[in-house]
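**Q** Below is the file start27.cif, which contains mmCIF, C-alpha atoms.
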data_structure
#
loop_
_atom_site.group_PDB
_atom_site.id
_atom_site.type_symbol
_atom_site.label_atom_id
_atom_site.label_comp_id
_atom_site.auth_asym_id
_atom_site.auth_seq_id
_atom_site.Cartn_x
_atom_site.Cartn_y
_atom_site.Cartn_z
ATOM 1 C CA MET A 99 0.000 0.000 0.000
ATOM 2 C CA LYS A 100 2.971 2.339 0.410
ATOM 3 C CA GLU A 101 3.323 2.983 -3.331
ATOM 4 C CA GLY A 102 -0.438 3.345 -3.719
ATOM 5 C CA SER A 103 -0.530 5.984 -1.010
ATOM 6 C CA LEU A 104 2.277 7.894 -2.717
ATOM 7 C CA VAL A 105 0.388 7.789 -6.033
ATOM 8 C CA ALA A 106 -2.795 8.932 -4.266
ATOM 9 C CA PHE A 107 -0.940 11.817 -2.594
ATOM 10 C CA THR A 108 0.642 12.909 -5.867
ATOM 11 C CA LEU A 109 -2.509 12.764 -7.999
ATOM 12 C CA LEU A 110 -4.874 14.237 -5.401
ATOM 13 C CA THR A 111 -2.475 17.063 -4.675
ATOM 14 C CA GLN A 112 -1.937 17.786 -8.359
ATOM 15 C CA ALA A 113 -5.708 17.830 -8.909
ATOM 16 C CA ALA A 114 -6.103 20.234 -5.980
ATOM 17 C CA VAL A 115 -3.423 22.624 -7.252
ATOM 18 C CA GLY A 116 -4.811 22.544 -10.789
ATOM 19 C CA ALA A 117 -8.381 23.090 -9.582
ATOM 20 C CA CYS A 118 -7.230 26.019 -7.455
ATOM 21 C CA TRP A 119 -5.633 27.620 -10.511
ATOM 22 C CA ALA A 120 -8.717 26.870 -12.616
ATOM 23 C CA ALA A 121 -10.988 28.533 -10.033
ATOM 24 C CA LEU A 122 -8.825 31.648 -10.090
ATOM 25 C CA ALA A 123 -8.857 31.645 -13.903
ATOM 26 C CA LEU A 124 -12.664 31.384 -13.854
ATOM 27 C CA GLN A 125 -12.897 34.334 -11.495
ATOM 28 C CA LEU A 126 -10.541 36.400 -13.625
ATOM 29 C CA GLY A 127 -12.405 35.491 -16.822
ATOM 30 C CA ALA A 128 -15.758 36.367 -15.272
ATOM 31 C CA ALA A 129 -14.431 39.700 -13.990
ATOM 32 C CA ARG A 130 -13.004 40.598 -17.400
ATOM 33 C CA ALA A 131 -16.241 39.622 -19.162
ATOM 34 C CA GLY A 132 -18.309 41.544 -16.615
ATOM 35 C CA VAL A 133 -20.449 38.525 -15.796
ATOM 36 C CA PRO A 134 -21.130 37.018 -12.385
ATOM 37 C CA GLU A 135 -18.724 34.250 -11.444
ATOM 38 C CA ARG A 136 -20.317 30.905 -10.638
ATOM 39 C CA GLY A 137 -18.732 27.805 -9.230
ATOM 40 C CA ALA A 138 -15.330 29.013 -8.024
ATOM 41 C CA VAL A 139 -16.142 28.535 -4.327
ATOM 42 C CA GLN A 140 -17.396 25.007 -5.011
ATOM 43 C CA ILE A 141 -14.266 24.216 -7.027
ATOM 44 C CA LEU A 142 -12.071 25.520 -4.206
ATOM 45 C CA LEU A 143 -13.989 23.410 -1.688
ATOM 46 C CA VAL A 144 -13.531 20.238 -3.757
ATOM 47 C CA ALA A 145 -9.856 21.133 -4.246
ATOM 48 C CA PHE A 146 -9.476 21.542 -0.483
ATOM 49 C CA LEU A 147 -11.052 18.132 0.139
ATOM 50 C CA ALA A 148 -8.687 16.587 -2.442
ATOM 51 C CA ALA A 149 -5.684 18.249 -0.778
ATOM 52 C CA VAL A 150 -6.738 16.972 2.657
ATOM 53 C CA ALA A 151 -7.250 13.471 1.249
ATOM 54 C CA GLY A 152 -3.826 13.681 -0.402
ATOM 55 C CA LEU A 153 -2.147 14.660 2.853
ATOM 56 C CA ALA A 154 -3.965 11.861 4.657
ATOM 57 C CA ALA A 155 -2.755 9.384 2.022
ATOM 58 C CA SER A 156 0.812 10.634 2.447
ATOM 59 C CA PHE A 157 0.767 9.485 6.069
ATOM 60 C CA LEU A 158 0.125 5.936 4.899
ATOM 61 C CA HIS A 159 3.415 6.080 3.004
ATOM 62 C CA LEU A 160 5.383 6.574 6.219
ATOM 63 C CA GLY A 161 6.807 3.719 8.202
ATOM 64 C CA ARG A 162 5.967 5.522 11.453
ATOM 65 C CA PRO A 163 3.307 8.200 10.927
ATOM 66 C CA SER A 164 3.845 9.484 14.475
ATOM 67 C CA ASN A 165 7.273 10.725 13.382
ATOM 68 C CA ALA A 166 5.915 12.742 10.432
ATOM 69 C CA TRP A 167 6.763 16.048 12.098
ATOM 70 C CA ARG A 168 10.465 15.186 11.762
ATOM 71 C CA ALA A 169 10.226 15.470 7.984
ATOM 72 C CA LEU A 170 10.407 19.262 8.315
ATOM 73 C CA ARG A 171 13.817 19.164 10.013
ATOM 74 C CA ASN A 172 15.725 18.964 6.732
ATOM 75 C CA LEU A 173 14.283 21.875 4.733
ATOM 76 C CA ARG A 174 17.703 23.135 3.613
ATOM 77 C CA ALA A 175 18.714 19.964 1.793
ATOM 78 C CA SER A 176 15.640 17.844 1.132
ATOM 79 C CA TRP A 177 13.062 18.436 -1.592
ATOM 80 C CA LEU A 178 10.859 15.923 0.191
ATOM 81 C CA SER A 179 10.872 18.094 3.322
ATOM 82 C CA ARG A 180 10.006 21.149 1.228
ATOM 83 C CA GLU A 181 7.233 19.201 -0.478
ATOM 84 C CA ILE A 182 5.659 18.433 2.897
ATOM 85 C CA LEU A 183 5.995 22.050 4.034
ATOM 86 C CA PHE A 184 4.422 23.419 0.850
ATOM 87 C CA ALA A 185 1.687 20.751 0.834
ATOM 88 C CA SER A 186 0.713 21.785 4.356
ATOM 89 C CA ALA A 187 0.859 25.516 3.566
ATOM 90 C CA PHE A 188 -1.096 25.035 0.336
ATOM 91 C CA THR A 189 -3.798 23.020 2.090
ATOM 92 C CA ALA A 190 -4.121 25.615 4.860
ATOM 93 C CA ALA A 191 -4.374 28.548 2.419
ATOM 94 C CA LEU A 192 -6.767 26.610 0.207
ATOM 95 C CA GLY A 193 -8.882 25.754 3.245
ATOM 96 C CA ALA A 194 -9.081 29.435 4.155
ATOM 97 C CA SER A 195 -10.038 30.433 0.612
ATOM 98 C CA ALA A 196 -12.708 27.706 0.415
ATOM 99 C CA LEU A 197 -14.176 27.891 3.910
ATOM 100 C CA LEU A 198 -14.161 31.618 4.709
ATOM 101 C CA PRO A 199 -16.799 32.455 2.060
ATOM 102 C CA LEU A 200 -18.994 29.613 3.309
ATOM 103 C CA VAL A 201 -19.110 31.031 6.834
ATOM 104 C CA GLY A 202 -19.528 34.611 5.636
ATOM 105 C CA LEU A 203 -16.169 35.887 6.907
ATOM 106 C CA ALA A 204 -14.497 36.650 3.605
ATOM 107 C CA SER A 205 -14.182 40.225 2.509
ATOM 108 C CA PRO A 206 -13.116 40.527 -1.139
ATOM 109 C CA PHE A 207 -9.579 41.403 -0.020
ATOM 110 C CA LEU A 208 -9.300 38.503 2.428
ATOM 111 C CA ARG A 209 -10.711 36.037 -0.082
ATOM 112 C CA GLY A 210 -8.370 37.251 -2.816
ATOM 113 C CA PHE A 211 -5.395 37.138 -0.463
ATOM 114 C CA ALA A 212 -6.133 33.558 0.616
ATOM 115 C CA GLU A 213 -6.703 32.423 -2.967
ATOM 116 C CA GLY A 214 -3.517 34.118 -4.175
ATOM 117 C CA LEU A 215 -1.548 32.577 -1.340
ATOM 118 C CA ALA A 216 -2.958 29.137 -2.169
ATOM 119 C CA ALA A 217 -2.006 29.588 -5.833
ATOM 120 C CA VAL A 218 1.568 30.573 -4.941
ATOM 121 C CA PHE A 219 1.966 27.752 -2.416
ATOM 122 C CA GLY A 220 0.506 25.400 -5.033
ATOM 123 C CA LEU A 221 3.186 26.434 -7.511
ATOM 124 C CA ALA A 222 5.897 25.964 -4.877
ATOM 125 C CA LEU A 223 4.421 22.559 -4.003
ATOM 126 C CA LEU A 224 4.374 21.472 -7.628
ATOM 127 C CA TYR A 225 8.009 22.523 -8.060
ATOM 128 C CA ALA A 226 9.122 20.766 -4.870
ATOM 129 C CA MET A 227 7.168 17.654 -5.854
ATOM 130 C CA THR A 228 8.856 17.634 -9.248
ATOM 131 C CA MET A 229 12.320 18.167 -7.811
ATOM 132 C CA ALA A 230 11.794 15.276 -5.393
ATOM 133 C CA TYR A 231 11.531 13.035 -8.471
ATOM 134 C CA ARG A 232 14.435 14.555 -10.392
ATOM 135 C CA LEU A 233 17.077 12.192 -9.101
ATOM 136 C CA ARG A 234 20.584 12.027 -10.547
ATOM 137 C CA THR A 235 20.537 8.293 -9.901
ATOM 138 C CA VAL A 236 17.548 7.911 -12.265
ATOM 139 C CA PRO A 237 18.650 9.685 -15.465
ATOM 140 C CA ALA A 238 15.280 9.163 -17.171
ATOM 141 C CA TRP A 239 13.620 11.298 -14.479
ATOM 142 C CA ASP A 240 16.358 13.935 -14.195
ATOM 143 C CA ARG A 241 15.116 15.936 -17.170
ATOM 144 C CA ALA A 242 13.038 19.015 -17.864
ATOM 145 C CA THR A 243 10.361 16.714 -19.259
ATOM 146 C CA THR A 244 9.673 15.604 -15.685
ATOM 147 C CA ASN A 245 8.721 19.188 -14.805
ATOM 148 C CA ALA A 246 6.603 19.473 -17.961
ATOM 149 C CA SER A 247 4.901 16.157 -17.212
ATOM 150 C CA PHE A 248 3.991 17.189 -13.661
ATOM 151 C CA LEU A 249 2.682 20.533 -14.926
ATOM 152 C CA ALA A 250 0.602 18.875 -17.667
ATOM 153 C CA THR A 251 -0.880 16.422 -15.178
ATOM 154 C CA THR A 252 -1.647 19.218 -12.726
ATOM 155 C CA LEU A 253 -3.380 21.340 -15.352
ATOM 156 C CA GLY A 254 -5.230 18.354 -16.778
ATOM 157 C CA LEU A 255 -6.483 16.977 -13.477
ATOM 158 C CA GLY A 256 -7.356 20.457 -12.231
ATOM 159 C CA ALA A 257 -9.326 21.288 -15.346
ATOM 160 C CA LEU A 258 -11.189 17.967 -15.274
ATOM 161 C CA THR A 259 -11.947 18.372 -11.564
ATOM 162 C CA SER A 260 -13.242 21.879 -12.153
ATOM 163 C CA ALA A 261 -15.338 20.818 -15.135
ATOM 164 C CA ALA A 262 -16.846 17.992 -13.058
ATOM 165 C CA VAL A 263 -17.719 20.407 -10.240
ATOM 166 C CA LEU A 264 -19.299 22.832 -12.695
ATOM 167 C CA ALA A 265 -21.220 19.986 -14.346
ATOM 168 C CA ALA A 266 -22.516 18.783 -10.983
ATOM 169 C CA GLY A 267 -23.699 22.310 -10.235
ATOM 170 C CA GLY A 268 -25.263 22.854 -13.646
ATOM 171 C CA GLY A 269 -22.588 25.369 -14.635
ATOM 172 C CA VAL A 270 -21.226 23.574 -17.691
ATOM 173 C CA ARG A 271 -23.483 25.617 -19.953
ATOM 174 C CA ALA A 272 -21.622 28.636 -18.678
ATOM 175 C CA LEU A 273 -18.652 29.765 -20.737
ATOM 176 C CA PRO A 274 -15.807 27.874 -19.030
ATOM 177 C CA GLY A 275 -17.189 24.386 -18.411
ATOM 178 C CA LEU A 276 -16.516 22.738 -21.739
ATOM 179 C CA SER A 277 -13.281 24.658 -22.202
ATOM 180 C CA LEU A 278 -12.035 23.304 -18.875
ATOM 181 C CA ALA A 279 -12.885 19.749 -19.870
ATOM 182 C CA ARG A 280 -11.051 20.175 -23.173
ATOM 183 C CA LEU A 281 -8.051 21.656 -21.384
ATOM 184 C CA GLY A 282 -8.073 18.729 -18.956
ATOM 185 C CA VAL A 283 -8.116 16.150 -21.688
ATOM 186 C CA ALA A 284 -5.376 18.005 -23.593
ATOM 187 C CA GLY A 285 -3.194 18.194 -20.478
ATOM 188 C CA LEU A 286 -3.568 14.519 -19.708
ATOM 189 C CA LEU A 287 -2.884 13.576 -23.331
ATOM 190 C CA ALA A 288 0.244 15.728 -23.298
ATOM 191 C CA HIS A 289 1.379 13.898 -20.170
ATOM 192 C CA LEU A 290 0.686 10.466 -21.650
ATOM 193 C CA LEU A 291 2.455 11.316 -24.891
ATOM 194 C CA GLY A 292 5.452 12.688 -23.005
ATOM 195 C CA VAL A 293 5.180 16.158 -24.516
#
Before we go any further, please render this structure as structure tokens.

**A**
Amino acid sequence: MKEGSLVAFTLLTQAAVGACWAALALQLGAARAGVPERGAVQILLVAFLAAVAGLAASFLHLGRPSNAWRALRNLRASWLSREILFASAFTAALGASALLPLVGLASPFLRGFAEGLAAVFGLALLYAMTMAYRLRTVPAWDRATTNASFLATTLGLGALTSAAVLAAGGGVRALPGLSLARLGVAGLLAHLLGV
């Protein structure tokens, strides 16, 4: 189960980061078009749940989950330690951006700040995750294509997650729904083809 939990962590986290970015893109597109934005809060909530599930799965990968806090002791030298730090920070910021509007505590500034912070931590997480796989001892992984593959998977899973959330809420007829699904399929195809 250890490898399965690592795969679950990676894919759920990538989907969460991609969905976070997609929600921000939807908000930006709606603001530019002068139309009301629909579905971003729901996408952020689903992304938050995926991030929490990913972190929970990562604990199953550890030999002794009670010692997980020690992973942060090697931030200077270990991409794995940085990955854990950024995964935690991303999940916290994403949780704030998803939950504050639901409880009525989010001013536009606070909501934007939390969403922007989640997007930045998501980018840092994706980079740290990629660098954890770029090992000199595995030449096939120590290439720029590894970074491109992780990015394509993140964009693809995020777009598909967002399209599914919009479809569940009846928002696919809105401008971005089908475009997100197409982007998701294109991203996943790019990953599979090694582009």

**Q** Applied to this file, what does the PyMOL selection byres ((chain A and resi 203-210) around 12) return in terms of residues, put as a PDB file with C-alpha atoms, in the frame of the given file?

**A**
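Listing of out25.pdb after writing:
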ATOM      1  CA  ALA A 121     -10.988  28.533 -10.033  1.00  0.00           C
ATOM      2  CA  LEU A 122      -8.825  31.648 -10.090  1.00  0.00           C
ATOM      3  CA  GLN A 125     -12.897  34.334 -11.495  1.00  0.00           C
ATOM      4  CA  LEU A 126     -10.541  36.400 -13.625  1.00  0.00           C
ATOM      5  CA  ALA A 138     -15.330  29.013  -8.024  1.00  0.00           C
ATOM      6  CA  VAL A 139     -16.142  28.535  -4.327  1.00  0.00           C
ATOM      7  CA  LEU A 142     -12.071  25.520  -4.206  1.00  0.00           C
ATOM      8  CA  ALA A 191      -4.374  28.548   2.419  1.00  0.00           C
ATOM      9  CA  LEU A 192      -6.767  26.610   0.207  1.00  0.00           C
ATOM     10  CA  GLY A 193      -8.882  25.754   3.245  1.00  0.00           C
ATOM     11  CA  ALA A 194      -9.081  29.435   4.155  1.00  0.00           C
ATOM     12  CA  SER A 195     -10.038  30.433   0.612  1.00  0.00           C
ATOM     13  CA  ALA A 196     -12.708  27.706   0.415  1.00  0.00           C
ATOM     14  CA  LEU A 197     -14.176  27.891   3.910  1.00  0.00           C
ATOM     15  CA  LEU A 198     -14.161  31.618   4.709  1.00  0.00           C
ATOM     16  CA  PRO A 199     -16.799  32.455   2.060  1.00  0.00           C
ATOM     17  CA  LEU A 200     -18.994  29.613   3.309  1.00  0.00           C
ATOM     18  CA  VAL A 201     -19.110  31.031   6.834  1.00  0.00           C
ATOM     19  CA  GLY A 202     -19.528  34.611   5.636  1.00  0.00           C
ATOM     20  CA  PHE A 211      -5.395  37.138  -0.463  1.00  0.00           C
ATOM     21  CA  ALA A 212      -6.133  33.558   0.616  1.00  0.00           C
ATOM     22  CA  GLU A 213      -6.703  32.423  -2.967  1.00  0.00           C
ATOM     23  CA  GLY A 214      -3.517  34.118  -4.175  1.00  0.00           C
ATOM     24  CA  LEU A 215      -1.548  32.577  -1.340  1.00  0.00           C
ATOM     25  CA  ALA A 216      -2.958  29.137  -2.169  1.00  0.00           C
ATOM     26  CA  ALA A 217      -2.006  29.588  -5.833  1.00  0.00           C
TER      27      ALA A 217
END

**Q** Within 10 Å of (7.8, 21.6, -4.2) (coordinates as in the file), grab all the protein and nucleic acid residues, counting all atoms listed in the file, and write them out as number ranges by chain.

**A** A: 177-185, 219-230

**Q** Expressed in Å to a single decimal, how great is the separation between atom CA of A:Thr243 and atom CA of A:Gln112?

**A** 16.5 Å

**Q** Write out as AutoDock Vina command-line options an axis-aligned box for stretch 207-224 of chain A: all of its atoms listed in the file, 4 Å added on each side, centre and edge lengths in Å with one decimal.

**A**
--center_x -2.4 --center_y 31.4 --center_z -2.6 --size_x 24.6 --size_y 27.9 --size_z 18.1

**Q** In terms of the shortest atom-to-atom distance over all atoms listed in the file, which of A:Gly116, A:Gly127, A:Pro134, A:Gly152 is closest to A:Phe248?

**A**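 Counting all atoms listed in the file, the residue closest to A:Phe248 is A:Gly116.
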